[in-house]
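> Below is a structure I'd like to ask you about.
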Amino acid sequence: MRVPCAVGTLKLTLRRKKIILQKIIFTICIISTMNVLIVSLLVCALMALTTAAAVPEAEPGQKTGPLVQEGKSHIVKRSSSCPGGWTAYNGRCFLYVPTAMTWARAERNCQSLGGNLASVHNVHEYHEIQRLIVKTSYEYKMAWIGGSDAEEKGTWLWSDGSRFSYANWCRGQPDNYRGSQQCIQMNFGEGKCWDDAKCSVRHPFVCSKTIR
């Protein structure tokens, strides 16, 4: 009988088929992996080309700048040198504080913010300060500014040390009523001008500081 020989041949054949099948599967896996890599590379290349096409090239001699969104202004606004809440005008920052304080306490408060009670050097600055007050309080409220003659009667000085070269006194002022009025309040009377007042009176106030 030749049965054992036939069985051995069958096993050998099955083993060869198994090996061939494994090779086929391995080859398919390699081909599939390569296809995935090729597709990924094609997608990346397509995205790169799309991005490059979306960014216009600068003309010779043209400076490049940050991209802006469509429909937005191309004007780049420079950030203000004044802190938030302050208003820049003529090289200085101004802040109206609506909280009523004595002149001395208001000055200390301005100093804690890096400035002083506001000095005023021309009518344009005065009108700008008035505008700030009206913008916040909706009226021409009386307020402290930085002028005082506390050091020497009749010699008015600004607390920030700048030259006292401009004044907007109301008619008949300063009068130093009863000898105790040594600080300047603005927006006084119908003329919304300056008056000397007792420094212990409580008023809102305006701070100023130089733009750094």
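Here, A, B, ... name the chains of the structure tokens in the order displayed, residue numbers run from 1 inside each chain, and ligands are numbered from 1 in the same displayed order.
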Please run DSSP on the backbone and report, as a list in words, all residues within range 52-211 of chain A that come out as alpha helix (DSSP H).

Ala52, Ala53, Ala54, Trp103, Ala104, Arg105, Ala106, Glu107, Arg108, Asn109, Cys110, Gln111, Ser112, Val123, His124, Glu125, Tyr126, His127, Glu128, Ile129, Gln130, Arg131, Leu132, Ile133, Val134, Lys135, Thr136 and Ser137 of chain A

> How would the residues just picked look written out with N, CA and C atoms as a PDB file, in the first residue's frame?


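Below is the file part31.pdb, written as the result:
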```pdb
ATOM      1  N   ALA A  52      -0.125  77.913  -1.299  1.00  0.00           N
ATOM      2  CA  ALA A  52       0.786  78.801  -2.027  1.00  0.00           C
ATOM      3  C   ALA A  52       0.028  79.665  -3.020  1.00  0.00           C
ATOM      4  N   ALA A  53      -0.991  79.103  -3.632  1.00  0.00           N
ATOM      5  CA  ALA A  53      -1.769  79.863  -4.606  1.00  0.00           C
ATOM      6  C   ALA A  53      -2.605  80.932  -3.936  1.00  0.00           C
ATOM      7  N   ALA A  54      -2.977  80.708  -2.654  1.00  0.00           N
ATOM      8  CA  ALA A  54      -3.834  81.660  -1.947  1.00  0.00           C
ATOM      9  C   ALA A  54      -3.077  82.878  -1.474  1.00  0.00           C
ATOM     10  N   TRP A 103      -8.257 118.539  47.229  1.00  0.00           N
ATOM     11  CA  TRP A 103      -7.200 118.768  46.242  1.00  0.00           C
ATOM     12  C   TRP A 103      -5.976 117.914  46.549  1.00  0.00           C
ATOM     13  N   ALA A 104      -5.552 117.879  47.816  1.00  0.00           N
ATOM     14  CA  ALA A 104      -4.344 117.130  48.184  1.00  0.00           C
ATOM     15  C   ALA A 104      -4.524 115.636  47.944  1.00  0.00           C
ATOM     16  N   ARG A 105      -5.689 115.112  48.285  1.00  0.00           N
ATOM     17  CA  ARG A 105      -5.919 113.682  48.083  1.00  0.00           C
ATOM     18  C   ARG A 105      -6.015 113.359  46.594  1.00  0.00           C
ATOM     19  N   ALA A 106      -6.617 114.251  45.826  1.00  0.00           N
ATOM     20  CA  ALA A 106      -6.697 114.045  44.378  1.00  0.00           C
ATOM     21  C   ALA A 106      -5.296 114.024  43.765  1.00  0.00           C
ATOM     22  N   GLU A 107      -4.419 114.918  44.230  1.00  0.00           N
ATOM     23  CA  GLU A 107      -3.042 114.945  43.735  1.00  0.00           C
ATOM     24  C   GLU A 107      -2.329 113.634  44.055  1.00  0.00           C
ATOM     25  N   ARG A 108      -2.506 113.134  45.280  1.00  0.00           N
ATOM     26  CA  ARG A 108      -1.870 111.859  45.640  1.00  0.00           C
ATOM     27  C   ARG A 108      -2.413 110.721  44.788  1.00  0.00           C
ATOM     28  N   ASN A 109      -3.705 110.774  44.484  1.00  0.00           N
ATOM     29  CA  ASN A 109      -4.304 109.735  43.647  1.00  0.00           C
ATOM     30  C   ASN A 109      -3.706 109.762  42.245  1.00  0.00           C
ATOM     31  N   CYS A 110      -3.534 110.953  41.693  1.00  0.00           N
ATOM     32  CA  CYS A 110      -2.912 111.068  40.363  1.00  0.00           C
ATOM     33  C   CYS A 110      -1.473 110.569  40.393  1.00  0.00           C
ATOM     34  N   GLN A 111      -0.751 110.881  41.475  1.00  0.00           N
ATOM     35  CA  GLN A 111       0.631 110.420  41.591  1.00  0.00           C
ATOM     36  C   GLN A 111       0.701 108.897  41.639  1.00  0.00           C
ATOM     37  N   SER A 112      -0.267 108.274  42.294  1.00  0.00           N
ATOM     38  CA  SER A 112      -0.284 106.807  42.357  1.00  0.00           C
ATOM     39  C   SER A 112      -0.512 106.189  40.983  1.00  0.00           C
ATOM     40  N   VAL A 123      -5.596 127.179  25.576  1.00  0.00           N
ATOM     41  CA  VAL A 123      -7.048 127.050  25.558  1.00  0.00           C
ATOM     42  C   VAL A 123      -7.493 125.734  24.931  1.00  0.00           C
ATOM     43  N   HIS A 124      -6.705 125.207  23.996  1.00  0.00           N
ATOM     44  CA  HIS A 124      -7.077 123.953  23.344  1.00  0.00           C
ATOM     45  C   HIS A 124      -7.018 122.788  24.339  1.00  0.00           C
ATOM     46  N   GLU A 125      -5.989 122.769  25.170  1.00  0.00           N
ATOM     47  CA  GLU A 125      -5.921 121.736  26.210  1.00  0.00           C
ATOM     48  C   GLU A 125      -7.089 121.881  27.177  1.00  0.00           C
ATOM     49  N   TYR A 126      -7.428 123.120  27.511  1.00  0.00           N
ATOM     50  CA  TYR A 126      -8.538 123.338  28.440  1.00  0.00           C
ATOM     51  C   TYR A 126      -9.847 122.810  27.862  1.00  0.00           C
ATOM     52  N   HIS A 127     -10.087 123.083  26.598  1.00  0.00           N
ATOM     53  CA  HIS A 127     -11.312 122.589  25.962  1.00  0.00           C
ATOM     54  C   HIS A 127     -11.312 121.063  25.874  1.00  0.00           C
ATOM     55  N   GLU A 128     -10.157 120.451  25.671  1.00  0.00           N
ATOM     56  CA  GLU A 128     -10.071 118.995  25.634  1.00  0.00           C
ATOM     57  C   GLU A 128     -10.409 118.401  26.996  1.00  0.00           C
ATOM     58  N   ILE A 129      -9.911 119.030  28.060  1.00  0.00           N
ATOM     59  CA  ILE A 129     -10.228 118.561  29.414  1.00  0.00           C
ATOM     60  C   ILE A 129     -11.721 118.719  29.686  1.00  0.00           C
ATOM     61  N   GLN A 130     -12.290 119.845  29.260  1.00  0.00           N
ATOM     62  CA  GLN A 130     -13.735 120.037  29.419  1.00  0.00           C
ATOM     63  C   GLN A 130     -14.516 118.951  28.678  1.00  0.00           C
ATOM     64  N   ARG A 131     -14.044 118.618  27.490  1.00  0.00           N
ATOM     65  CA  ARG A 131     -14.724 117.581  26.701  1.00  0.00           C
ATOM     66  C   ARG A 131     -14.711 116.243  27.430  1.00  0.00           C
ATOM     67  N   LEU A 132     -13.577 115.910  28.059  1.00  0.00           N
ATOM     68  CA  LEU A 132     -13.486 114.657  28.815  1.00  0.00           C
ATOM     69  C   LEU A 132     -14.484 114.635  29.960  1.00  0.00           C
ATOM     70  N   ILE A 133     -14.615 115.769  30.642  1.00  0.00           N
ATOM     71  CA  ILE A 133     -15.537 115.841  31.776  1.00  0.00           C
ATOM     72  C   ILE A 133     -16.976 115.668  31.306  1.00  0.00           C
ATOM     73  N   VAL A 134     -17.343 116.370  30.245  1.00  0.00           N
ATOM     74  CA  VAL A 134     -18.712 116.284  29.725  1.00  0.00           C
ATOM     75  C   VAL A 134     -19.008 114.885  29.200  1.00  0.00           C
ATOM     76  N   LYS A 135     -18.024 114.251  28.593  1.00  0.00           N
ATOM     77  CA  LYS A 135     -18.206 112.901  28.052  1.00  0.00           C
ATOM     78  C   LYS A 135     -18.577 111.909  29.146  1.00  0.00           C
ATOM     79  N   THR A 136     -18.027 112.107  30.339  1.00  0.00           N
ATOM     80  CA  THR A 136     -18.289 111.180  31.442  1.00  0.00           C
ATOM     81  C   THR A 136     -19.488 111.596  32.285  1.00  0.00           C
ATOM     82  N   SER A 137     -19.571 112.883  32.602  1.00  0.00           N
ATOM     83  CA  SER A 137     -20.598 113.349  33.544  1.00  0.00           C
ATOM     84  C   SER A 137     -21.801 113.994  32.861  1.00  0.00           C
TER      85      SER A 137
END
```

> Determine, counting only C-alpha atoms, which protein, DNA and RNA residues have an atom within 10 Å of an atom of Arg171 in chain A; residues of the same chain fewer than 6 positions away are not included. Present the result as a PyMOL selection string.

chain A and resi 191+193-195

> Please compute the CA of His203 in chain A-CA of Pro98 in chain A distance, one decimal, in Å.

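Between CA of His203 in chain A and CA of Pro98 in chain A the gap is 8.1 Å.
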
> Record the distance separating CA of Tyr89 in chain A and CA of Gly154 in chain A, expressed in Å with one decimal.

29.4 Å

> With distances taken over only C-alpha atoms, which of A:Asn116, A:Ser165, A:Ser159, A:Gln181 is nearest to Tyr96 in chain A?

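Looking at the shortest contact to Tyr96 in chain A, the residue is A:Asn116.
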
> So which residues touch Thr210 in chain A within 10 Å, counting only C-alpha atoms, skipping near sequence neighbours fewer than 6 positions away, as a short mmCIF file (atom, residue, chain, number, x, y, z; two decimals) with N, CA and C atoms, in the first residue's frame?


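And here's out.cif as it stands now:
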```
data_model
loop_
_atom_site.label_atom_id
_atom_site.label_comp_id
_atom_site.auth_asym_id
_atom_site.auth_seq_id
_atom_site.Cartn_x
_atom_site.Cartn_y
_atom_site.Cartn_z
N SER A 81 -0.14 105.01 23.42
CA SER A 81 0.88 104.98 24.45
C SER A 81 0.29 105.26 25.82
N CYS A 82 -0.99 105.63 25.87
CA CYS A 82 -1.65 105.90 27.15
C CYS A 82 -2.32 104.63 27.67
N ALA A 88 -5.20 110.41 24.99
CA ALA A 88 -3.98 111.05 24.52
C ALA A 88 -4.31 112.38 23.85
N TYR A 89 -3.57 113.41 24.22
CA TYR A 89 -3.75 114.72 23.57
C TYR A 89 -2.47 115.53 23.72
N ASN A 90 -1.93 115.98 22.59
CA ASN A 90 -0.79 116.89 22.58
C ASN A 90 0.40 116.37 23.40
N GLY A 91 0.69 115.09 23.25
CA GLY A 91 1.86 114.52 23.92
C GLY A 91 1.65 114.11 25.36
N ARG A 92 0.41 114.21 25.83
CA ARG A 92 0.13 113.83 27.22
C ARG A 92 -1.10 112.93 27.29
N CYS A 93 -1.25 112.26 28.42
CA CYS A 93 -2.42 111.42 28.69
C CYS A 93 -3.26 112.11 29.76
N PHE A 94 -4.58 112.12 29.56
CA PHE A 94 -5.49 112.76 30.51
C PHE A 94 -6.52 111.75 31.00
N GLY A 114 0.88 107.52 38.32
CA GLY A 114 2.04 107.90 37.51
C GLY A 114 1.98 109.30 36.96
N GLY A 115 1.08 110.15 37.48
CA GLY A 115 0.96 111.51 36.97
C GLY A 115 0.77 112.52 38.07
N ASN A 116 0.10 113.61 37.72
CA ASN A 116 -0.24 114.68 38.67
C ASN A 116 -1.60 115.23 38.29
#
```

> As an exercise, work out the distance from CA of Ile211 in chain A to CA of Phe164 in chain A in Å and give it to one decimal place.

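For CA of Ile211 in chain A relative to CA of Phe164 in chain A, the distance reads 19.9 Å.
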